[in-house]
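So this block is final.cif, mmCIF, C-alpha atoms:
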data_my_file
loop_
_atom_site.label_atom_id
_atom_site.label_comp_id
_atom_site.auth_asym_id
_atom_site.auth_seq_id
_atom_site.Cartn_x
_atom_site.Cartn_y
_atom_site.Cartn_z
CA ASP A 1 -30.48 -17.41 -7.11
CA TRP A 2 -26.85 -17.16 -6.00
CA SER A 3 -27.07 -19.31 -2.90
CA GLN A 4 -23.37 -19.76 -2.12
CA TRP A 5 -19.87 -18.42 -2.74
CA ARG A 6 -19.21 -17.94 -6.49
CA GLY A 7 -22.67 -19.17 -7.43
CA PRO A 8 -24.37 -22.52 -8.08
CA ARG A 9 -21.22 -24.28 -9.34
CA ARG A 10 -18.65 -22.29 -7.32
CA ASP A 11 -17.08 -21.08 -10.56
CA GLY A 12 -18.20 -17.44 -10.60
CA ILE A 13 -20.24 -17.95 -13.80
CA SER A 14 -23.89 -16.89 -14.00
CA ALA A 15 -26.41 -18.70 -16.19
CA GLU A 16 -28.62 -15.60 -16.49
CA THR A 17 -29.68 -14.59 -20.01
CA GLY A 18 -31.41 -11.58 -21.53
CA LEU A 19 -29.15 -9.04 -19.80
CA LEU A 20 -29.01 -5.44 -20.98
CA LYS A 21 -26.18 -4.58 -23.34
CA SER A 22 -26.27 -0.96 -22.15
CA TRP A 23 -27.91 1.03 -19.37
CA PRO A 24 -31.11 2.98 -20.13
CA ASP A 25 -30.89 6.76 -20.38
CA GLY A 26 -30.16 8.15 -16.95
CA GLY A 27 -28.88 4.80 -15.70
CA PRO A 28 -30.73 2.03 -13.85
CA SER A 29 -33.40 3.17 -11.41
CA LEU A 30 -32.84 2.66 -7.69
CA LYS A 31 -35.22 -0.03 -6.42
CA TRP A 32 -34.33 0.11 -2.75
CA LYS A 33 -31.46 0.71 -0.34
CA ALA A 34 -30.65 -1.10 2.92
CA ALA A 35 -28.48 0.42 5.64
CA ASN A 36 -27.05 -0.50 9.06
CA LEU A 37 -26.28 -4.09 8.09
CA GLY A 38 -23.09 -4.15 10.16
CA GLY A 39 -19.36 -4.24 9.49
CA GLY A 40 -17.88 -7.06 7.46
CA TYR A 41 -16.16 -8.27 4.30
CA THR A 42 -18.54 -11.04 3.22
CA SER A 43 -20.71 -11.05 0.10
CA PRO A 44 -24.37 -12.03 0.54
CA ALA A 45 -26.20 -15.11 -0.72
CA VAL A 46 -29.47 -14.82 -2.64
CA ALA A 47 -32.05 -17.63 -2.44
CA ASP A 48 -35.83 -18.06 -2.41
CA GLY A 49 -36.54 -14.33 -2.37
CA ARG A 50 -34.12 -13.58 0.46
CA ILE A 51 -30.74 -11.87 0.57
CA ILE A 52 -28.76 -13.31 3.47
CA GLY A 53 -25.53 -11.92 4.90
CA LEU A 54 -23.67 -11.38 8.14
CA GLY A 55 -21.76 -8.65 9.91
CA TYR A 56 -20.71 -7.17 13.23
CA ARG A 57 -23.25 -4.99 14.96
CA GLY A 58 -21.56 -3.59 18.02
CA ALA A 59 -20.38 -6.48 20.20
CA LYS A 60 -22.30 -9.17 18.30
CA GLU A 61 -21.93 -11.09 15.07
CA VAL A 62 -25.31 -11.05 13.37
CA VAL A 63 -26.78 -13.01 10.45
CA TRP A 64 -29.50 -11.07 8.64
CA ALA A 65 -32.04 -11.64 5.88
CA LEU A 66 -33.59 -9.02 3.59
CA ASP A 67 -36.61 -9.25 1.34
CA GLU A 68 -35.21 -9.39 -2.20
CA LYS A 69 -37.98 -7.19 -3.65
CA THR A 70 -38.06 -4.43 -1.03
CA GLY A 71 -34.83 -4.59 1.00
CA ARG A 72 -36.86 -4.81 4.22
CA GLU A 73 -35.13 -6.79 6.96
CA LEU A 74 -37.00 -10.05 7.51
CA TRP A 75 -34.98 -11.23 10.48
CA SER A 76 -31.62 -10.91 12.23
CA THR A 77 -30.03 -13.39 14.61
CA GLU A 78 -27.08 -12.88 16.95
CA VAL A 79 -24.82 -15.91 16.53
CA ALA A 80 -21.55 -15.07 18.34
CA PRO A 81 -19.57 -12.30 20.00
CA ALA A 82 -17.82 -10.03 17.48
CA ASN A 83 -14.23 -11.27 17.22
CA ARG A 84 -12.02 -8.22 16.77
CA GLU A 85 -8.84 -9.99 17.85
CA VAL A 86 -8.09 -11.01 14.26
CA ASP A 87 -6.30 -8.54 11.98
CA TYR A 88 -8.73 -6.22 10.19
CA GLY A 89 -11.30 -7.23 12.75
CA GLU A 90 -14.43 -5.35 11.70
CA GLY A 91 -16.50 -8.24 10.53
CA PRO A 92 -16.78 -11.79 9.18
CA ARG A 93 -15.38 -12.82 5.79
CA GLY A 94 -17.19 -15.91 4.47
CA THR A 95 -20.31 -15.93 2.29
CA PRO A 96 -23.34 -17.79 3.70
CA SER A 97 -24.46 -21.03 2.04
CA VAL A 98 -28.21 -21.49 1.70
CA ASP A 99 -29.55 -25.03 1.30
CA GLY A 100 -33.33 -25.27 1.18
CA ASP A 101 -34.67 -24.07 4.52
CA ARG A 102 -31.24 -23.81 6.15
CA VAL A 103 -28.39 -21.31 6.03
CA PHE A 104 -24.80 -21.99 7.13
CA THR A 105 -22.30 -19.27 8.08
CA LEU A 106 -18.70 -19.21 9.29
CA GLY A 107 -17.41 -16.34 11.42
CA ALA A 108 -13.89 -14.97 11.55
CA GLY A 109 -13.23 -16.71 14.86
CA GLY A 110 -14.23 -20.11 13.47
CA ASN A 111 -17.82 -20.24 14.72
CA LEU A 112 -19.82 -22.38 12.27
CA VAL A 113 -23.57 -21.80 12.59
CA CYS A 114 -26.73 -23.32 11.11
CA LEU A 115 -29.95 -21.27 11.11
CA ASP A 116 -33.45 -21.69 9.76
CA ALA A 117 -33.44 -19.62 6.55
CA LYS A 118 -37.09 -18.57 6.81
CA ALA A 119 -37.11 -17.18 10.35
CA GLY A 120 -33.47 -17.08 11.46
CA LYS A 121 -34.03 -19.62 14.23
CA PHE A 122 -30.79 -21.01 15.70
CA LEU A 123 -30.38 -24.74 14.97
CA TRP A 124 -26.79 -25.74 15.79
CA SER A 125 -23.20 -24.50 15.93
CA ARG A 126 -19.63 -25.80 16.06
CA ASP A 127 -16.36 -24.11 16.99
CA LEU A 128 -13.60 -25.02 14.49
CA PRO A 129 -10.60 -24.38 16.80
CA LYS A 130 -12.16 -25.99 19.89
CA ASP A 131 -14.07 -28.87 18.33
CA PHE A 132 -11.67 -29.86 15.54
CA GLY A 133 -8.27 -28.44 16.55
CA GLY A 134 -8.53 -25.78 13.85
CA LYS A 135 -5.50 -23.66 12.97
CA MET A 136 -5.02 -20.89 10.40
CA MET A 137 -1.87 -20.23 8.34
CA SER A 138 -1.81 -16.58 9.51
CA ASP A 139 -3.78 -14.03 11.48
CA TRP A 140 -6.71 -12.71 9.40
CA GLY A 141 -9.37 -15.08 10.69
CA TYR A 142 -11.45 -17.77 9.02
CA SER A 143 -12.60 -16.58 5.61
CA GLU A 144 -13.96 -19.75 4.04
CA SER A 145 -17.49 -20.09 2.71
CA PRO A 146 -18.98 -23.44 3.86
CA LEU A 147 -19.89 -26.00 1.21
CA VAL A 148 -23.09 -28.04 1.23
CA ASP A 149 -22.81 -31.34 -0.68
CA GLY A 150 -25.67 -33.80 -0.37
CA GLU A 151 -26.28 -34.54 3.30
CA HIS A 152 -22.94 -33.08 4.39
CA LEU A 153 -21.56 -29.66 5.23
CA LEU A 154 -17.86 -29.29 4.41
CA CYS A 155 -15.35 -26.78 5.74
CA THR A 156 -11.63 -26.40 6.49
CA PRO A 157 -10.63 -26.01 10.14
CA GLY A 158 -6.97 -26.81 9.35
CA GLY A 159 -4.50 -28.23 11.85
CA ALA A 160 -3.01 -31.41 13.22
CA LYS A 161 -6.32 -33.26 13.67
CA GLY A 162 -7.08 -32.95 9.95
CA THR A 163 -7.47 -30.06 7.54
CA VAL A 164 -10.99 -30.73 6.21
CA VAL A 165 -14.13 -31.91 8.00
CA ALA A 166 -17.49 -33.24 6.81
CA LEU A 167 -20.44 -32.70 9.15
CA ASN A 168 -23.99 -33.96 9.14
CA LYS A 169 -25.76 -30.83 7.88
CA ALA A 170 -28.87 -31.64 9.93
CA ASN A 171 -27.20 -31.59 13.35
CA GLY A 172 -23.52 -30.65 12.96
CA GLU A 173 -22.19 -34.04 14.05
CA LEU A 174 -18.78 -35.03 12.68
CA VAL A 175 -18.88 -37.53 9.81
CA TRP A 176 -15.13 -37.53 9.04
CA GLN A 177 -11.97 -35.47 9.39
CA SER A 178 -9.15 -35.72 6.85
CA THR A 179 -6.42 -37.01 9.16
CA GLY A 180 -4.15 -37.67 6.15
CA LEU A 181 -3.91 -33.93 5.47
CA LYS A 182 -2.88 -31.72 8.38
CA ASP A 183 -2.04 -28.38 6.77
CA PRO A 184 -3.22 -25.22 8.53
CA ALA A 185 -6.23 -23.67 6.84
CA ALA A 186 -5.78 -20.90 4.30
CA TYR A 187 -8.46 -18.38 3.26
CA SER A 188 -9.64 -20.33 0.23
CA SER A 189 -12.91 -22.29 -0.10
CA LEU A 190 -13.41 -25.92 -1.09
CA VAL A 191 -14.52 -26.85 -4.61
CA PRO A 192 -16.39 -30.14 -5.30
CA THR A 193 -15.61 -32.15 -8.42
CA GLU A 194 -15.65 -35.60 -10.03
CA LEU A 195 -12.19 -36.90 -10.99
CA GLY A 196 -11.54 -40.46 -12.10
CA GLY A 197 -15.13 -41.36 -11.29
CA GLN A 198 -14.73 -40.34 -7.66
CA ARG A 199 -16.46 -37.47 -5.87
CA GLN A 200 -13.91 -35.27 -4.13
CA TYR A 201 -13.13 -31.81 -2.79
CA VAL A 202 -10.18 -29.73 -3.95
CA VAL A 203 -8.57 -27.89 -1.04
CA LEU A 204 -5.89 -25.19 -1.34
CA THR A 205 -3.74 -24.37 1.69
CA GLY A 206 -0.54 -22.47 2.30
CA GLU A 207 1.43 -25.70 1.89
CA SER A 208 -0.29 -27.78 -0.78
CA VAL A 209 -3.23 -28.45 -3.06
CA ALA A 210 -5.04 -31.76 -2.58
CA GLY A 211 -8.10 -33.85 -3.41
CA ILE A 212 -10.13 -35.25 -0.50
CA ALA A 213 -12.53 -38.19 -0.99
CA ALA A 214 -16.14 -37.19 -0.34
CA LYS A 215 -17.08 -40.55 1.15
CA ASN A 216 -14.46 -40.79 3.91
CA GLY A 217 -12.01 -37.86 3.92
CA GLN A 218 -9.12 -39.88 2.49
CA VAL A 219 -6.41 -37.90 0.72
CA LEU A 220 -6.64 -39.07 -2.91
CA TRP A 221 -3.81 -36.89 -4.23
CA GLN A 222 -1.63 -34.05 -2.99
CA ALA A 223 0.95 -31.71 -4.51
CA GLU A 224 3.29 -29.42 -2.61
CA ARG A 225 2.58 -25.80 -3.42
CA ARG A 226 4.01 -23.23 -1.02
CA GLY A 227 2.06 -20.04 -0.50
CA LYS A 228 3.07 -16.97 1.46
CA THR A 229 1.31 -14.79 4.03
CA ALA A 230 -2.27 -15.45 2.86
CA VAL A 231 -3.52 -17.91 0.23
CA VAL A 232 -6.99 -16.69 -0.69
CA PRO A 233 -8.36 -17.45 -4.21
CA THR A 234 -10.65 -20.40 -4.84
CA PRO A 235 -9.19 -23.14 -7.13
CA VAL A 236 -10.38 -23.14 -10.74
CA LEU A 237 -11.16 -26.54 -12.27
CA ASP A 238 -10.97 -27.56 -15.93
CA GLY A 239 -11.56 -31.27 -16.37
CA SER A 240 -8.51 -33.04 -14.95
CA HIS A 241 -6.66 -29.74 -14.50
CA VAL A 242 -6.57 -27.74 -11.27
CA TRP A 243 -5.45 -24.11 -11.57
CA VAL A 244 -4.56 -22.13 -8.45
CA SER A 245 -3.13 -18.71 -7.77
CA SER A 246 -2.12 -16.54 -4.82
CA GLY A 247 -0.36 -13.26 -4.22
CA TYR A 248 2.57 -12.04 -2.16
CA GLY A 249 4.96 -12.95 -4.97
CA VAL A 250 3.87 -16.58 -5.46
CA GLY A 251 1.84 -16.61 -8.71
CA SER A 252 -0.16 -19.29 -10.50
CA HIS A 253 0.23 -23.06 -10.86
CA LEU A 254 -1.46 -25.68 -12.98
CA PHE A 255 -1.69 -29.31 -11.89
CA GLU A 256 -2.97 -32.29 -13.86
CA VAL A 257 -4.65 -35.07 -11.87
CA LYS A 258 -4.78 -38.52 -13.47
CA ALA A 259 -6.67 -41.59 -12.32
CA GLY A 260 -5.65 -45.17 -12.99
CA GLY A 261 -5.51 -48.52 -11.25
CA GLY A 262 -7.65 -47.32 -8.39
CA SER A 263 -5.32 -44.45 -7.45
CA PHE A 264 -4.43 -40.91 -8.50
CA THR A 265 -1.27 -39.16 -9.59
CA VAL A 266 -0.73 -35.41 -9.81
CA GLU A 267 1.80 -33.52 -11.94
CA GLU A 268 2.72 -29.85 -11.92
CA ILE A 269 2.38 -28.52 -15.48
CA TYR A 270 3.74 -25.04 -14.85
CA ALA A 271 4.46 -22.34 -12.29
CA SER A 272 4.05 -18.77 -13.48
CA ARG A 273 4.45 -15.37 -11.89
CA SER A 274 2.66 -13.64 -14.75
CA LEU A 275 -0.57 -13.74 -12.74
CA LYS A 276 -0.43 -13.30 -8.96
CA ASN A 277 -3.96 -13.01 -7.62
CA ASP A 278 -4.07 -11.75 -4.05
CA HIS A 279 -7.73 -11.81 -3.08
CA GLY A 280 -10.41 -11.53 -5.74
CA GLY A 281 -10.28 -14.94 -7.38
CA ALA A 282 -10.47 -15.90 -11.04
CA ILE A 283 -13.03 -17.17 -13.53
CA ARG A 284 -12.51 -19.60 -16.41
CA ILE A 285 -14.23 -19.08 -19.75
CA GLY A 286 -13.29 -21.72 -22.29
CA GLY A 287 -9.53 -22.19 -22.26
CA HIS A 288 -8.73 -18.95 -20.45
CA VAL A 289 -8.76 -17.63 -16.90
CA TYR A 290 -9.42 -13.97 -16.13
CA SER A 291 -8.15 -12.46 -12.92
CA ALA A 292 -6.61 -9.44 -11.27
CA SER A 293 -2.85 -9.50 -10.77
CA GLY A 294 -2.26 -6.61 -8.42
CA PRO A 295 -3.85 -3.59 -10.16
CA VAL A 296 -3.80 -5.23 -13.62
CA LEU A 297 -6.41 -7.44 -15.32
CA VAL A 298 -4.83 -10.53 -16.88
CA CYS A 299 -6.12 -13.17 -19.30
CA MET A 300 -4.08 -16.39 -19.12
CA GLU A 301 -4.30 -19.51 -21.25
CA VAL A 302 -5.08 -22.24 -18.73
CA LYS A 303 -3.10 -25.13 -20.16
CA THR A 304 0.10 -23.21 -21.05
CA GLY A 305 0.31 -20.32 -18.61
CA ASP A 306 0.79 -17.87 -21.51
#

Show me this structure written as structure tokens.
Amino acid sequence: DWSQWRGPRRDGISAETGLLKSWPDGGPSLKWKAANLGGGYTSPAVADGRIIGLGYRGAKEVVWALDEKTGRELWSTEVAPANREVDYGEGPRGTPSVDGDRVFTLGAGGNLVCLDAKAGKFLWSRDLPKDFGGKMMSDWGYSESPLVDGEHLLCTPGGAKGTVVALNKANGELVWQSTGLKDPAAYSSLVPTELGGQRQYVVLTGESVAGIAAKNGQVLWQAERRGKTAVVPTPVLDGSHVWVSSGYGVGSHLFEVKAGGGSFTVEEIYASRSLKNDHGGAIRIGGHVYSASGPVLVCMEVKTGD
């Protein structure tokens, strides 16, 4: 199963084993093909025998589920009007998150929806701009993939009321909003981690990178890190180190977060323009990150930037 953005640990690494080292003669056989799923930029989630995605079908934003074995559509649910007012408006951007019998999706206009994963039944929804004062750093629409953590659903509306929110995943009610961080939202997705014995979420915006306490939304640490135009890639974590990258001439940064005396400090280790990842993200294997930098594939040593 690959039930959320970048997989079970949000790191882009699969635990699958026994993979082929080469294709069979004639290539892999076609099992099935699904068409007419709708316009969009999101990748699907795979869980419990279902492939779940979303797209624009005409004037509606639709969440759909396919049978993993056959590709047959199991259900489709209209969740919002298609928002084509954002730049590149033909479809939503964020990957669904499947949690047991529920699926959570975020549309380009900021419509956050919870459906029953088995039948597609509508359960609840929230509007990030209207309900939480949400604001984006630029004009390409909400692109985040919601994060389920325990009993909470986390996402990043951005804006003056607080950048990150935690909701009760059962009913969508607000648990907390990070009033200590008020950056507009970027296009990146939250990453959960344990630092200094405290559960927290790493958030990357166009203005900073920060750690938000899971229990109450308090800003535990924050470092200024100016992005341009669109900050997209998901942060990459390596113990106490947080590696981030973005394009449009900005590049990559490494920060070290230290805990002591009940508080946190954060230090910038380096800033490098050797790797400027616009959109696709990066994966870490051992002490290296692998990522696209424009049209070039780059391997960078995490702790030195070489």

Quiz item: Using all atoms listed in the file, which of the listed residues (A:Asp149, A:Asp306, A:Asp183, A:Glu301) sits closest to A:Arg9?
Solution: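 The answer is A:Asp149, which sits nearest to A:Arg9.
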
Quiz item: What gap, in Å, lies between atom CA of A:Ser29 and atom CA of A:Lys69?
Solution: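 Pair atom CA of A:Ser29 / atom CA of A:Lys69 returns 13.7 Å.
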
Quiz item: If we count all atoms listed in the file, what is near A:Ile212 at a cut-off of 7 Å, once residues fewer than 4 positions away on the same chain are taken out, given as an MDAnalysis selection string?
Solution: chainID A and resid 200:202 217:220

Would you mind exporting C-alpha atoms of the selected residues as a compact mmCIF listing (two decimals), in the coordinates of the input?
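Wrote part-v9.txt, looks like this:
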# COMPACT_ATOMS: atom_id res chain seq x y z
CA GLN A 200 -13.91 -35.27 -4.13
CA TYR A 201 -13.13 -31.81 -2.79
CA VAL A 202 -10.18 -29.73 -3.95
CA GLY A 217 -12.01 -37.86 3.92
CA GLN A 218 -9.12 -39.88 2.49
CA VAL A 219 -6.41 -37.90 0.72
CA LEU A 220 -6.64 -39.07 -2.91

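Counting all atoms listed in the file and comparing A:Met136, A:Ile285, A:Leu54, A:Ala15, the residue that lies closest to A:Thr205 is A:Met136.
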
Self-check item: Minimum-distance residue to A:Lys215, chosen among A:Trp64, A:Tyr248, A:Trp243, A:Trp176 (using only C-alpha atoms)
Solution: A:Trp176

Practice problem: Using atom CA of A:Leu275 and atom CA of A:Pro235 as the two end points, give the distance in Å to one decimal. | Solution: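 Going from atom CA of A:Leu275 over to atom CA of A:Pro235, I get 13.9 Å.
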
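Proximity of A:Arg226, A:Arg6, A:Lys60, A:Arg50 to A:Gly38, computed with all atoms listed in the file, is greatest for A:Lys60.
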
Self-check item: Contact residues around A:Val231 with all atoms listed in the file at 10 Å, ignoring same-chain residues under 2 positions, as a list in words
Solution: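 Contacts, with the query itself left out: Met137, Ser138, Ala185, Ala186, Tyr187, Ser188, Leu204, Thr205, Gly206, Glu207, Arg226, Gly227, Lys228, Thr229, Pro233, Thr234, Val244, Ser245, Ser246, Gly247, Tyr248, Val250, Asn277, Asp278 and His279 of chain A.
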
Just-selected residues, C-alpha atoms written as a compact mmCIF listing (two decimals), in the coordinates of the input:
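Below you can see result31.txt, which holds the result:
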# COMPACT_ATOMS: atom_id res chain seq x y z
CA MET A 137 -1.87 -20.23 8.34
CA SER A 138 -1.81 -16.58 9.51
CA ALA A 185 -6.23 -23.67 6.84
CA ALA A 186 -5.78 -20.90 4.30
CA TYR A 187 -8.46 -18.38 3.26
CA SER A 188 -9.64 -20.33 0.23
CA LEU A 204 -5.89 -25.19 -1.34
CA THR A 205 -3.74 -24.37 1.69
CA GLY A 206 -0.54 -22.47 2.30
CA GLU A 207 1.43 -25.70 1.89
CA ARG A 226 4.01 -23.23 -1.02
CA GLY A 227 2.06 -20.04 -0.50
CA LYS A 228 3.07 -16.97 1.46
CA THR A 229 1.31 -14.79 4.03
CA PRO A 233 -8.36 -17.45 -4.21
CA THR A 234 -10.65 -20.40 -4.84
CA VAL A 244 -4.56 -22.13 -8.45
CA SER A 245 -3.13 -18.71 -7.77
CA SER A 246 -2.12 -16.54 -4.82
CA GLY A 247 -0.36 -13.26 -4.22
CA TYR A 248 2.57 -12.04 -2.16
CA VAL A 250 3.87 -16.58 -5.46
CA ASN A 277 -3.96 -13.01 -7.62
CA ASP A 278 -4.07 -11.75 -4.05
CA HIS A 279 -7.73 -11.81 -3.08

Quiz item: What lies within 12 Å of A:Gly100 using all atoms listed in the file, ignoring chain neighbours under 4 positions off, as number ranges by chain?
Solution: A: 1, 3-4, 46-50, 104, 115-118, 148, 150-151, 169-170

Grab the residues selected above and save them as a compact mmCIF listing (two decimals), keeping the file's coordinate frame with C-alpha atoms.
# COMPACT_ATOMS: atom_id res chain seq x y z
CA ASP A 1 -30.48 -17.41 -7.11
CA SER A 3 -27.07 -19.31 -2.90
CA GLN A 4 -23.37 -19.76 -2.12
CA VAL A 46 -29.47 -14.82 -2.64
CA ALA A 47 -32.05 -17.63 -2.44
CA ASP A 48 -35.83 -18.06 -2.41
CA GLY A 49 -36.54 -14.33 -2.37
CA ARG A 50 -34.12 -13.58 0.46
CA PHE A 104 -24.80 -21.99 7.13
CA LEU A 115 -29.95 -21.27 11.11
CA ASP A 116 -33.45 -21.69 9.76
CA ALA A 117 -33.44 -19.62 6.55
CA LYS A 118 -37.09 -18.57 6.81
CA VAL A 148 -23.09 -28.04 1.23
CA GLY A 150 -25.67 -33.80 -0.37
CA GLU A 151 -26.28 -34.54 3.30
CA LYS A 169 -25.76 -30.83 7.88
CA ALA A 170 -28.87 -31.64 9.93

Quiz item: Just how far from atom CA of A:Ala214 is atom CA of A:Arg10, in Å to one decimal?
Solution: 16.6 Å

Quiz item: Can you list, as number ranges by chain, every protein, DNA or RNA residue that comes within 7 Å of A:Val86 when you count all atoms listed in the file, leaving out same-chain residues fewer than 4 positions away?
Solution: A: 139-141

Quiz item: A:Gly197, A:Gly12, A:Gly159, A:Pro44: which is nearest A:Ala213, counting only C-alpha atoms?
Solution: A:Gly197
